[in-house]
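Trainee: You'll find data.cif just under this line, and it carries mmCIF, C-alpha atoms.
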```cif
data_target
loop_
_atom_site.label_atom_id
_atom_site.label_comp_id
_atom_site.auth_asym_id
_atom_site.auth_seq_id
_atom_site.Cartn_x
_atom_site.Cartn_y
_atom_site.Cartn_z
CA MET X 1 14.82 -0.43 -3.10
CA PRO X 2 14.07 -3.50 -5.19
CA SER X 3 12.05 -6.47 -4.11
CA ASP X 4 12.89 -9.92 -5.34
CA SER X 5 10.34 -12.11 -7.03
CA SER X 6 10.01 -14.76 -4.32
CA PRO X 7 7.78 -13.30 -1.62
CA GLN X 8 8.11 -14.90 1.81
CA PRO X 9 4.91 -14.34 3.75
CA ASP X 10 5.64 -13.52 7.36
CA ALA X 11 2.86 -14.50 9.73
CA SER X 12 4.08 -12.10 12.43
CA ALA X 13 3.46 -9.14 10.12
CA ARG X 14 -0.24 -9.93 9.77
CA THR X 15 -2.56 -7.07 10.45
CA PRO X 16 -5.69 -7.98 12.40
CA GLY X 17 -8.71 -7.88 10.18
CA THR X 18 -6.71 -8.20 6.97
CA VAL X 19 -7.39 -11.19 4.78
CA ARG X 20 -4.07 -12.99 4.54
CA PRO X 21 -4.44 -16.40 2.95
CA GLY X 22 -1.60 -18.81 3.83
CA GLY X 23 -0.58 -22.29 2.67
CA ARG X 24 -2.50 -23.50 -0.34
CA THR X 25 -4.04 -20.08 -0.94
CA ALA X 26 -0.63 -18.34 -0.97
CA ARG X 27 -0.40 -19.51 -4.58
CA THR X 28 -3.76 -17.89 -5.29
CA ARG X 29 -2.59 -14.65 -3.74
CA ALA X 30 0.60 -14.69 -5.83
CA ALA X 31 -1.38 -15.44 -9.01
CA VAL X 32 -3.72 -12.55 -8.22
CA ARG X 33 -0.74 -10.27 -7.51
CA ASP X 34 0.84 -11.24 -10.87
CA ALA X 35 -2.41 -10.46 -12.66
CA VAL X 36 -2.65 -7.09 -10.89
CA LEU X 37 0.92 -6.23 -11.94
CA SER X 38 0.39 -7.22 -15.57
CA GLY X 39 -2.88 -5.27 -15.58
CA LEU X 40 -1.14 -2.17 -14.23
CA VAL X 41 1.63 -2.47 -16.80
CA GLU X 42 -0.84 -3.00 -19.65
CA ASN X 43 -3.53 -0.48 -18.76
CA GLY X 44 -2.37 1.63 -15.82
CA TYR X 45 -4.42 2.06 -12.67
CA PRO X 46 -7.43 3.75 -14.27
CA GLY X 47 -7.73 0.77 -16.62
CA LEU X 48 -7.33 -1.96 -13.98
CA THR X 49 -10.50 -4.00 -13.50
CA VAL X 50 -11.54 -6.96 -11.37
CA GLU X 51 -12.59 -8.65 -14.64
CA TYR X 52 -9.03 -8.38 -15.98
CA VAL X 53 -7.55 -9.80 -12.76
CA ALA X 54 -10.08 -12.67 -12.79
CA GLU X 55 -9.28 -13.53 -16.39
CA HIS X 56 -5.50 -13.41 -15.92
CA SER X 57 -5.30 -15.10 -12.50
CA GLY X 58 -7.87 -17.83 -13.04
CA VAL X 59 -9.55 -16.78 -9.79
CA HIS X 60 -13.29 -16.22 -9.99
CA LYS X 61 -14.54 -12.65 -9.90
CA THR X 62 -16.82 -13.27 -6.92
CA THR X 63 -13.85 -14.67 -4.96
CA LEU X 64 -11.81 -11.57 -5.80
CA TYR X 65 -14.59 -9.27 -4.60
CA ARG X 66 -15.13 -11.33 -1.44
CA ARG X 67 -11.46 -11.49 -0.44
CA TRP X 68 -10.07 -8.20 -1.72
CA GLY X 69 -13.15 -6.00 -1.92
CA GLY X 70 -12.29 -4.57 -5.34
CA VAL X 71 -9.55 -2.91 -7.38
CA GLU X 72 -8.14 -0.79 -4.54
CA GLY X 73 -7.88 -3.78 -2.23
CA LEU X 74 -6.22 -5.84 -4.97
CA LEU X 75 -3.66 -3.11 -5.54
CA ALA X 76 -2.92 -2.62 -1.83
CA ASP X 77 -2.46 -6.36 -1.32
CA ALA X 78 -0.13 -6.65 -4.33
CA LEU X 79 2.05 -3.92 -2.84
CA GLU X 80 1.92 -5.55 0.58
CA LEU X 81 3.04 -8.83 -0.96
CA ALA X 82 5.90 -7.02 -2.73
CA GLY X 83 7.04 -5.79 0.70
CA GLU X 84 7.22 -9.35 2.06
CA ASP X 85 10.45 -10.26 0.30
CA SER X 86 13.75 -10.99 2.01
CA TRP X 87 15.67 -7.97 0.73
CA PRO X 88 18.66 -7.12 2.91
CA PRO X 89 20.43 -3.74 2.74
CA PRO X 90 24.02 -3.72 1.42
CA ASP X 91 26.94 -4.44 3.77
CA THR X 92 30.18 -3.38 2.08
CA GLY X 93 32.20 -2.40 5.14
CA THR X 94 31.86 1.39 4.81
CA LEU X 95 28.89 3.73 4.90
CA GLY X 96 29.94 5.28 1.60
CA GLY X 97 30.04 1.85 -0.01
CA ASP X 98 26.67 0.87 1.43
CA LEU X 99 25.01 4.10 0.29
CA ARG X 100 26.47 3.83 -3.20
CA ALA X 101 25.23 0.23 -3.46
CA LEU X 102 21.80 1.27 -2.19
CA ALA X 103 21.56 4.11 -4.72
CA GLN X 104 22.68 1.85 -7.55
CA GLU X 105 20.02 -0.72 -6.59
CA ILE X 106 17.35 1.96 -6.82
CA VAL X 107 18.59 3.06 -10.25
CA ASP X 108 18.70 -0.55 -11.46
CA SER X 109 15.22 -1.32 -10.15
CA PHE X 110 13.67 1.52 -12.12
CA THR X 111 15.74 1.57 -15.29
CA GLY X 112 15.52 -2.02 -16.46
CA PRO X 113 12.88 -2.44 -19.18
CA ALA X 114 10.58 -4.78 -17.23
CA ALA X 115 11.61 -3.77 -13.70
CA ALA X 116 10.59 -0.19 -14.30
CA ALA X 117 6.97 -1.05 -14.93
CA GLY X 118 6.01 -2.62 -11.61
CA PRO X 119 7.15 -0.10 -8.98
CA ALA X 120 6.41 2.87 -11.24
CA THR X 121 2.79 1.82 -11.69
CA PHE X 122 2.29 1.69 -7.91
CA ILE X 123 3.66 5.22 -7.60
CA ALA X 124 1.33 6.33 -10.39
CA ALA X 125 -1.68 4.59 -8.82
CA ALA X 126 -1.08 6.42 -5.53
CA PHE X 127 -2.08 9.65 -7.29
CA GLN X 128 -5.53 8.21 -7.88
CA SER X 129 -6.22 5.97 -4.92
CA ALA X 130 -5.90 6.92 -1.26
CA ARG X 131 -5.62 3.25 -0.39
CA ALA X 132 -2.76 2.79 -2.86
CA ALA X 133 -1.08 5.85 -1.33
CA ASP X 134 -1.42 4.30 2.14
CA ALA X 135 0.00 1.00 0.89
CA LEU X 136 2.91 2.82 -0.75
CA ARG X 137 3.69 4.76 2.43
CA HIS X 138 3.64 1.54 4.40
CA PHE X 139 5.87 -0.17 1.83
CA TYR X 140 8.54 2.52 1.92
CA THR X 141 8.41 2.96 5.69
CA GLU X 142 9.18 -0.73 6.02
CA ARG X 143 11.92 -0.62 3.34
CA PHE X 144 13.65 2.34 4.96
CA ALA X 145 13.39 0.68 8.38
CA ARG X 146 15.26 -2.32 6.98
CA CYS X 147 18.21 -0.01 6.19
CA ALA X 148 18.75 0.72 9.90
CA PRO X 149 21.71 -1.71 10.26
CA VAL X 150 23.62 0.30 7.61
CA ILE X 151 23.58 3.31 9.93
CA THR X 152 24.02 1.35 13.16
CA ARG X 153 27.22 -0.14 11.74
CA ALA X 154 28.40 3.29 10.54
CA VAL X 155 27.85 4.76 14.03
CA ASP X 156 29.78 1.82 15.54
CA ARG X 157 32.64 2.46 13.12
CA GLY X 158 32.64 6.15 14.05
CA GLU X 159 31.73 7.24 10.50
CA VAL X 160 28.71 9.32 11.51
CA PRO X 161 27.59 10.86 14.80
CA SER X 162 25.73 8.82 17.37
CA GLY X 163 21.97 9.47 17.13
CA THR X 164 21.94 9.65 13.31
CA ASP X 165 18.43 8.79 12.11
CA PRO X 166 18.70 5.73 9.80
CA GLY X 167 15.39 6.47 8.08
CA ALA X 168 16.46 10.02 7.24
CA VAL X 169 19.68 8.77 5.63
CA ALA X 170 17.82 6.12 3.62
CA ARG X 171 15.36 8.73 2.41
CA ALA X 172 18.20 11.14 1.60
CA VAL X 173 20.02 8.70 -0.65
CA SER X 174 16.77 7.77 -2.43
CA ALA X 175 15.31 11.23 -2.89
CA PRO X 176 17.46 12.68 -5.72
CA LEU X 177 16.91 9.54 -7.79
CA PHE X 178 13.13 9.51 -7.34
CA LEU X 179 13.07 13.25 -8.14
CA ARG X 180 14.72 12.66 -11.51
CA LEU X 181 12.67 9.55 -12.25
CA PHE X 182 9.17 10.75 -11.37
CA ILE X 183 9.10 14.52 -10.90
CA THR X 184 11.58 16.24 -13.20
CA ARG X 185 11.54 13.26 -15.61
CA GLU X 186 15.28 13.39 -16.25
CA PRO X 187 17.55 10.48 -17.15
CA VAL X 188 19.12 8.70 -14.18
CA GLY X 189 22.30 6.62 -14.08
CA SER X 190 25.31 5.55 -12.05
CA ALA X 191 26.73 9.07 -11.79
CA ASP X 192 23.44 10.22 -10.23
CA ALA X 193 23.51 7.25 -7.85
CA ASP X 194 27.06 8.08 -6.76
CA GLN X 195 26.23 11.76 -6.28
CA ALA X 196 23.13 10.90 -4.22
CA ALA X 197 25.24 8.60 -2.03
CA GLU X 198 28.04 11.17 -1.60
CA ALA X 199 25.53 13.89 -0.70
CA ALA X 200 23.76 11.72 1.90
CA LEU X 201 27.16 10.73 3.33
CA ALA X 202 28.37 14.35 3.59
CA ALA X 203 25.13 15.47 5.25
CA ALA X 204 25.15 12.51 7.64
CA ARG X 205 28.79 13.19 8.60
CA ALA X 206 27.94 16.84 9.22
CA GLY X 207 25.28 15.70 11.71
CA VAL X 208 22.27 16.87 9.66
CA TYR X 209 20.35 13.67 10.41
CA VAL X 210 21.04 13.50 14.15
CA ARG X 211 17.71 13.16 15.94
CA HIS X 212 16.98 15.91 18.39
CA PRO X 213 15.13 14.89 21.53
CA MET P 214 9.16 26.10 -6.70
CA PRO P 215 5.90 27.94 -6.87
CA SER P 216 4.64 30.01 -9.75
CA ASP P 217 2.55 33.07 -9.11
CA SER P 218 -0.85 33.46 -10.66
CA SER P 219 -0.02 36.33 -13.03
CA PRO P 220 1.83 34.84 -15.98
CA GLN P 221 3.95 37.31 -17.94
CA PRO P 222 4.38 36.03 -21.49
CA ASP P 223 7.88 36.71 -22.77
CA ALA P 224 8.10 37.07 -26.54
CA SER P 225 11.82 36.22 -26.55
CA ALA P 226 11.03 32.78 -25.14
CA ARG P 227 8.84 31.79 -28.09
CA THR P 228 9.67 28.51 -29.68
CA PRO P 229 9.48 28.47 -33.48
CA GLY P 230 6.47 26.53 -34.67
CA THR P 231 4.64 26.81 -31.34
CA VAL P 232 1.32 28.59 -31.32
CA ARG P 233 1.81 31.45 -28.87
CA PRO P 234 -1.02 33.92 -29.02
CA GLY P 235 -0.10 37.42 -27.83
CA GLY P 236 -2.08 40.57 -27.08
CA ARG P 237 -5.84 40.03 -27.21
CA THR P 238 -5.49 36.26 -27.43
CA ALA P 239 -3.29 36.10 -24.30
CA ARG P 240 -6.55 36.34 -22.36
CA THR P 241 -7.90 33.38 -24.31
CA ARG P 242 -4.80 31.37 -23.50
CA ALA P 243 -5.09 32.22 -19.80
CA ALA P 244 -8.81 31.30 -19.80
CA VAL P 245 -8.00 27.99 -21.45
CA ARG P 246 -5.20 27.39 -18.93
CA ASP P 247 -7.58 28.08 -16.04
CA ALA P 248 -10.09 25.63 -17.48
CA VAL P 249 -7.38 22.98 -17.90
CA LEU P 250 -6.32 23.45 -14.27
CA SER P 251 -9.85 23.24 -12.90
CA GLY P 252 -10.48 20.18 -15.09
CA LEU P 253 -7.35 18.49 -13.72
CA VAL P 254 -8.35 19.30 -10.16
CA GLU P 255 -11.90 18.05 -10.69
CA ASN P 256 -11.32 14.96 -12.78
CA GLY P 257 -7.58 14.26 -12.99
CA TYR P 258 -5.77 13.77 -16.26
CA PRO P 259 -7.65 10.66 -17.41
CA GLY P 260 -10.90 12.62 -17.04
CA LEU P 261 -9.75 15.81 -18.78
CA THR P 262 -11.59 16.42 -22.06
CA VAL P 263 -11.56 19.11 -24.74
CA GLU P 264 -15.33 19.39 -24.16
CA TYR P 265 -14.75 20.31 -20.50
CA VAL P 266 -12.13 22.92 -21.41
CA ALA P 267 -14.44 24.41 -24.07
CA GLU P 268 -17.32 24.64 -21.62
CA HIS P 269 -15.27 26.21 -18.82
CA SER P 270 -13.15 28.59 -20.93
CA GLY P 271 -15.85 29.79 -23.31
CA VAL P 272 -13.53 28.94 -26.21
CA HIS P 273 -15.07 26.88 -28.99
CA LYS P 274 -14.05 23.24 -29.25
CA THR P 275 -12.93 23.57 -32.85
CA THR P 276 -10.65 26.46 -31.86
CA LEU P 277 -9.16 24.37 -29.07
CA TYR P 278 -8.45 21.49 -31.46
CA ARG P 279 -7.02 23.83 -34.09
CA ARG P 280 -4.69 25.72 -31.74
CA TRP P 281 -3.74 23.09 -29.17
CA GLY P 282 -4.31 19.84 -31.06
CA GLY P 283 -6.07 18.13 -28.13
CA VAL P 284 -5.83 17.31 -24.45
CA GLU P 285 -2.06 16.68 -24.39
CA GLY P 286 -1.36 19.98 -26.14
CA LEU P 287 -3.67 21.83 -23.75
CA LEU P 288 -1.89 20.34 -20.78
CA ALA P 289 1.60 21.08 -22.12
CA ASP P 290 0.65 24.69 -22.88
CA ALA P 291 -0.86 25.18 -19.42
CA LEU P 292 2.40 24.03 -17.88
CA GLU P 293 4.41 26.22 -20.26
CA LEU P 294 2.30 29.20 -19.23
CA ALA P 295 2.88 28.36 -15.56
CA GLY P 296 6.62 28.57 -16.28
CA GLU P 297 6.32 32.09 -17.70
CA ASP P 298 5.90 33.80 -14.35
CA SER P 299 8.41 36.19 -12.82
CA TRP P 300 9.45 34.01 -9.89
CA PRO P 301 12.83 35.02 -8.48
CA PRO P 302 14.86 32.75 -6.19
CA PRO P 303 15.36 33.90 -2.57
CA ASP P 304 18.21 36.29 -1.70
CA THR P 305 18.67 36.30 2.07
CA GLY P 306 22.42 36.99 2.24
CA THR P 307 23.56 33.45 3.02
CA LEU P 308 23.34 30.16 1.13
CA GLY P 309 21.79 28.48 4.16
CA GLY P 310 19.10 31.15 4.33
CA ASP P 311 18.41 30.95 0.61
CA LEU P 312 18.12 27.16 0.64
CA ARG P 313 15.84 27.19 3.69
CA ALA P 314 13.61 29.78 2.00
CA LEU P 315 13.57 27.75 -1.21
CA ALA P 316 12.63 24.57 0.64
CA GLN P 317 9.89 26.36 2.57
CA GLU P 318 8.44 27.74 -0.68
CA ILE P 319 8.22 24.22 -2.07
CA VAL P 320 6.48 22.97 1.07
CA ASP P 321 4.05 25.92 0.99
CA SER P 322 3.28 25.45 -2.71
CA PHE P 323 2.21 21.84 -2.19
CA THR P 324 0.58 21.93 1.22
CA GLY P 325 -1.97 24.72 0.84
CA PRO P 326 -5.43 23.33 0.11
CA ALA P 327 -5.81 24.89 -3.36
CA ALA P 328 -2.12 25.29 -4.20
CA ALA P 329 -1.55 21.58 -3.86
CA ALA P 330 -3.95 20.68 -6.61
CA GLY P 331 -2.38 22.45 -9.60
CA PRO P 332 1.26 21.30 -9.53
CA ALA P 333 0.36 17.87 -8.19
CA THR P 334 -1.99 17.18 -11.09
CA PHE P 335 0.76 17.97 -13.60
CA ILE P 336 3.06 15.51 -11.86
CA ALA P 337 0.28 12.92 -11.94
CA ALA P 338 -0.47 13.58 -15.62
CA ALA P 339 3.18 12.97 -16.54
CA PHE P 340 2.67 9.32 -15.62
CA GLN P 341 0.11 9.02 -18.39
CA SER P 342 1.25 11.39 -21.10
CA ALA P 343 4.73 11.54 -22.65
CA ARG P 344 4.03 15.09 -23.74
CA ALA P 345 3.09 16.10 -20.20
CA ALA P 346 6.31 14.46 -18.99
CA ASP P 347 8.31 16.49 -21.53
CA ALA P 348 6.55 19.68 -20.47
CA LEU P 349 7.24 18.89 -16.81
CA ARG P 350 10.93 18.24 -17.47
CA HIS P 351 11.16 21.52 -19.35
CA PHE P 352 9.35 23.36 -16.54
CA TYR P 353 11.69 22.11 -13.81
CA THR P 354 14.84 22.55 -15.90
CA GLU P 355 13.91 26.20 -16.33
CA ARG P 356 12.97 26.61 -12.63
CA PHE P 357 16.25 25.11 -11.43
CA ALA P 358 18.19 27.26 -13.91
CA ARG P 359 16.63 30.34 -12.31
CA CYS P 360 18.22 29.34 -9.00
CA ALA P 361 21.74 29.77 -10.44
CA PRO P 362 22.29 33.22 -8.82
CA VAL P 363 21.82 31.64 -5.37
CA ILE P 364 24.91 29.50 -5.98
CA THR P 365 26.88 32.15 -7.86
CA ARG P 366 26.50 34.47 -4.87
CA ALA P 367 27.47 31.67 -2.46
CA VAL P 368 30.63 30.95 -4.46
CA ASP P 369 31.46 34.68 -4.46
CA ARG P 370 31.00 34.75 -0.68
CA GLY P 371 33.27 31.72 -0.33
CA GLU P 372 30.51 29.56 1.15
CA VAL P 373 30.88 26.71 -1.34
CA PRO P 374 33.68 25.66 -3.69
CA SER P 375 34.08 27.27 -7.09
CA GLY P 376 32.55 25.08 -9.81
CA THR P 377 29.54 24.04 -7.68
CA ASP P 378 26.71 23.06 -10.03
CA PRO P 379 23.71 25.31 -9.27
CA GLY P 380 21.21 22.88 -10.80
CA ALA P 381 22.48 20.03 -8.65
CA VAL P 382 22.05 22.09 -5.47
CA ALA P 383 18.54 23.19 -6.47
CA ARG P 384 17.59 19.57 -7.17
CA ALA P 385 19.16 18.44 -3.89
CA VAL P 386 17.12 20.83 -1.76
CA SER P 387 13.91 19.89 -3.60
CA ALA P 388 14.35 16.12 -3.72
CA PRO P 389 13.61 15.08 -0.10
CA LEU P 390 10.40 17.13 -0.13
CA PHE P 391 9.11 15.70 -3.40
CA LEU P 392 10.01 12.21 -2.16
CA ARG P 393 7.77 12.62 0.89
CA LEU P 394 5.01 14.34 -1.08
CA PHE P 395 4.71 12.04 -4.08
CA ILE P 396 6.61 8.80 -3.53
CA THR P 397 6.56 7.79 0.13
CA ARG P 398 3.38 9.82 0.75
CA GLU P 399 4.52 11.10 4.13
CA PRO P 400 3.59 14.41 5.76
CA VAL P 401 5.89 17.30 4.96
CA GLY P 402 6.48 20.47 6.98
CA SER P 403 8.96 23.14 8.02
CA ALA P 404 11.25 20.70 9.84
CA ASP P 405 11.55 18.69 6.62
CA ALA P 406 12.25 21.88 4.67
CA ASP P 407 15.01 22.87 7.10
CA GLN P 408 16.56 19.41 7.04
CA ALA P 409 16.51 19.35 3.21
CA ALA P 410 18.23 22.75 3.16
CA GLU P 411 20.85 21.76 5.76
CA ALA P 412 21.62 18.54 3.89
CA ALA P 413 22.03 20.32 0.54
CA LEU P 414 24.24 22.93 2.24
CA ALA P 415 26.46 20.31 3.92
CA ALA P 416 26.86 18.36 0.67
CA ALA P 417 27.57 21.54 -1.32
CA ARG P 418 30.19 22.67 1.22
CA ALA P 419 31.83 19.25 1.05
CA GLY P 420 32.20 19.71 -2.71
CA VAL P 421 29.75 16.97 -3.73
CA TYR P 422 28.21 19.17 -6.43
CA VAL P 423 31.44 20.48 -7.97
CA ARG P 424 31.27 19.82 -11.70
CA HIS P 425 34.10 17.68 -13.02
CA PRO P 426 35.41 18.57 -16.47
#
```
For the file at hand, write its structure as structure tokens.
Mentor:
Amino acid sequence: MPSDSSPQPDASARTPGTVRPGGRTARTRAAVRDAVLSGLVENGYPGLTVEYVAEHSGVHKTTLYRRWGGVEGLLADALELAGEDSWPPPDTGTLGGDLRALAQEIVDSFTGPAAAAGPATFIAAAFQSARAADALRHFYTERFARCAPVITRAVDRGEVPSGTDPGAVARAVSAPLFLRLFITREPVGSADADQAAEAALAAARAGVYVRHP
Amino acid sequence: MPSDSSPQPDASARTPGTVRPGGRTARTRAAVRDAVLSGLVENGYPGLTVEYVAEHSGVHKTTLYRRWGGVEGLLADALELAGEDSWPPPDTGTLGGDLRALAQEIVDSFTGPAAAAGPATFIAAAFQSARAADALRHFYTERFARCAPVITRAVDRGEVPSGTDPGAVARAVSAPLFLRLFITREPVGSADADQAAEAALAAARAGVYVRHP
């Protein structure tokens, strides 16, 4: 699921012990995040250095080390910042419509020439950094949780059984697209998005995602 | 889908122009493959070198360069060799049983301590090498194609509609597991395998994977 480019820091989401600059320093954090992203796109995670981020953000190296600890911390914070956008899940009036829109958003976010670089580099970095993997898990957990209203509304409309797990449906519609993009390395387009949505819908209707106590 | 550890080179599968040593040199190829795998596990793709492979396979560096061209060629050939096993898809008597077995095999192949390293490193390398990505796509295309009898039998038994695309069903049962393993970085176990199988079954029964002319 895509994130827009205007992060909206949410004070209530702050983790104790995490450095979370606000106000004047929010600009610094965004500049650092932009430098991390361009570094990842240019050189990949193995090539990302604090020196590069300092040079491209205008923030002094010693400040970067003090606030973010190093490359892994910079990467984790950039992903955390990406998760602080205001993305809402689709609301088309039917579950099928919502799932198709969701699937199409995923396809769009990874197939545009520039859009593809950002999220894909985080996924790649998670293979090499446990902290990046943690940040990625946190990012997607939060994204999938935001999709809950899609399922709540579908239950209210009687489209899927009561007790359907929203997170399982969100994962189901995403999974076939991520498989093609990053595992089997196959092309992905609107037909794949529609099929992923139809499959998640059929499974949800059949009660596959009903949570058992 | 897992590959066993005893590759069985198949002469009929040889690609024109590809160096495919047979007979005495099959042992060399296997030794080189083993060295590539241990190098990937130890150092990851960015750290894999022809020097390492030479040292750990006992094959001279100049031979490695001559036959495989370099690191990317070594990696692609190791993956090709992994695809030359004799893996058969499950045959339990029902589509649900076959899909559950298939899903469980995927979970097992990535969650064992040693088993996890091999396939995961190929997936990681594909982020950094276009040739590794090509080899990975080829590997999975062939694996999914081997699952065709599972669907053919299910169509014959009247479990799913005629015209159901076997490759789409094989991808569907795999996708939620790979998503958790490599994208969202969540734990994966038998309950996830069963849910992936049930979801693929429900979608297949509903006709989601019927090929349209």
Trainee: Could you tell me which residues of chain P sit within 7 Å of chain X when counting all atoms listed in the file, and give me the result as a PyMOL selection string?
Mentor: chain P and resi 336-337+340+346+349-350+353+385+388-389+391-392+396-399+408+411-412+415-416+419+421
Trainee: Output the selection as a short mmCIF file (atom, residue, chain, number, x, y, z; two decimals), in the coordinates of the input - C-alpha atoms for each residue.
Mentor:
```
data_model
loop_
_atom_site.label_atom_id
_atom_site.label_comp_id
_atom_site.auth_asym_id
_atom_site.auth_seq_id
_atom_site.Cartn_x
_atom_site.Cartn_y
_atom_site.Cartn_z
CA ILE P 336 3.06 15.51 -11.86
CA ALA P 337 0.28 12.92 -11.94
CA PHE P 340 2.67 9.32 -15.62
CA ALA P 346 6.31 14.46 -18.99
CA LEU P 349 7.24 18.89 -16.81
CA ARG P 350 10.93 18.24 -17.47
CA TYR P 353 11.69 22.11 -13.81
CA ALA P 385 19.16 18.44 -3.89
CA ALA P 388 14.35 16.12 -3.72
CA PRO P 389 13.61 15.08 -0.10
CA PHE P 391 9.11 15.70 -3.40
CA LEU P 392 10.01 12.21 -2.16
CA ILE P 396 6.61 8.80 -3.53
CA THR P 397 6.56 7.79 0.13
CA ARG P 398 3.38 9.82 0.75
CA GLU P 399 4.52 11.10 4.13
CA GLN P 408 16.56 19.41 7.04
CA GLU P 411 20.85 21.76 5.76
CA ALA P 412 21.62 18.54 3.89
CA ALA P 415 26.46 20.31 3.92
CA ALA P 416 26.86 18.36 0.67
CA ALA P 419 31.83 19.25 1.05
CA VAL P 421 29.75 16.97 -3.73
#
```
Trainee: Between CA of Leu294 in chain P and CA of Gly282 in chain P, what is the distance, to one decimal in Å?
Mentor: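 Separation of CA of Leu294 in chain P and CA of Gly282 in chain P: 16.5 Å.
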Trainee: Care to translate the PyMOL selection byres ((chain X and resi 67) around 12) into actual residues of this file, as a VMD selection string?
Mentor: chain X and resid 17 to 21 25 28 to 29 32 50 59 to 66 68 to 74 77
Trainee: What residues come out when you apply the PyMOL selection byres ((chain X and resi 89) around 12) to this file, written as number ranges by chain?
Mentor: X: 1-3, 86-88, 90-92, 95, 97-106, 143-151, 153, 166, 170
Trainee: Can you measure CA of Ser57 in chain X to CA of Ala31 in chain X for me? One decimal in Å is fine.
Mentor: 5.3 Å
Trainee: Tell me, in Å to one decimal, how far CA of Arg33 in chain X is from CA of Ala78 in chain X.
Mentor: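 Calculated distance between CA of Arg33 in chain X and CA of Ala78 in chain X is 4.9 Å.
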Trainee: I'd like to know which of P:Gly371, P:Gly376, P:Gly252, P:Pro400 is closest to Thr307 in chain P, using all atoms listed in the file.
Mentor: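 Among the listed residues, the smallest separation from Thr307 in chain P belongs to P:Gly371.
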Trainee: For a quick check of understanding, using all atoms listed in the file, which of P:Arg240, P:Glu255, P:Val320, P:Thr365 has the smallest distance to Ala404 in chain P?
Mentor: P:Val320
Trainee: Could you check the closest approach to Pro119 in chain X for each of X:Asp156, X:Val210, X:Gly83, X:Ala193 and tell me which residue wins, using all atoms listed in the file?
Mentor: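 Checking each of X:Asp156, X:Val210, X:Gly83, X:Ala193 against Pro119 in chain X, counting all atoms listed in the file, the winner is X:Gly83.
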Trainee: Need the shell around Ala35 in chain X: protein/DNA/RNA residues with any atom at most 9 Å away, counting all atoms listed in the file. Skip same-chain ones fewer than 6 positions apart. Format as a ChimeraX atom specification?
Mentor: /X:52-57
Trainee: Ranking X:His212, X:Glu51, X:Ser38, X:Ala76 by minimum distance to Asp165 in chain X and counting all atoms listed in the file, which one comes first?
Mentor: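 Between X:His212, X:Glu51, X:Ser38, X:Ala76, the residue approaching Asp165 in chain X most closely is X:His212.
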Trainee: Which one of P:Ala367, P:Val373, P:Leu394, P:Ala295 sits closest to Leu250 in chain P if you count all atoms listed in the file?
Mentor: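 When distances to Leu250 in chain P are compared using all atoms listed in the file, the smallest one comes from P:Ala295.
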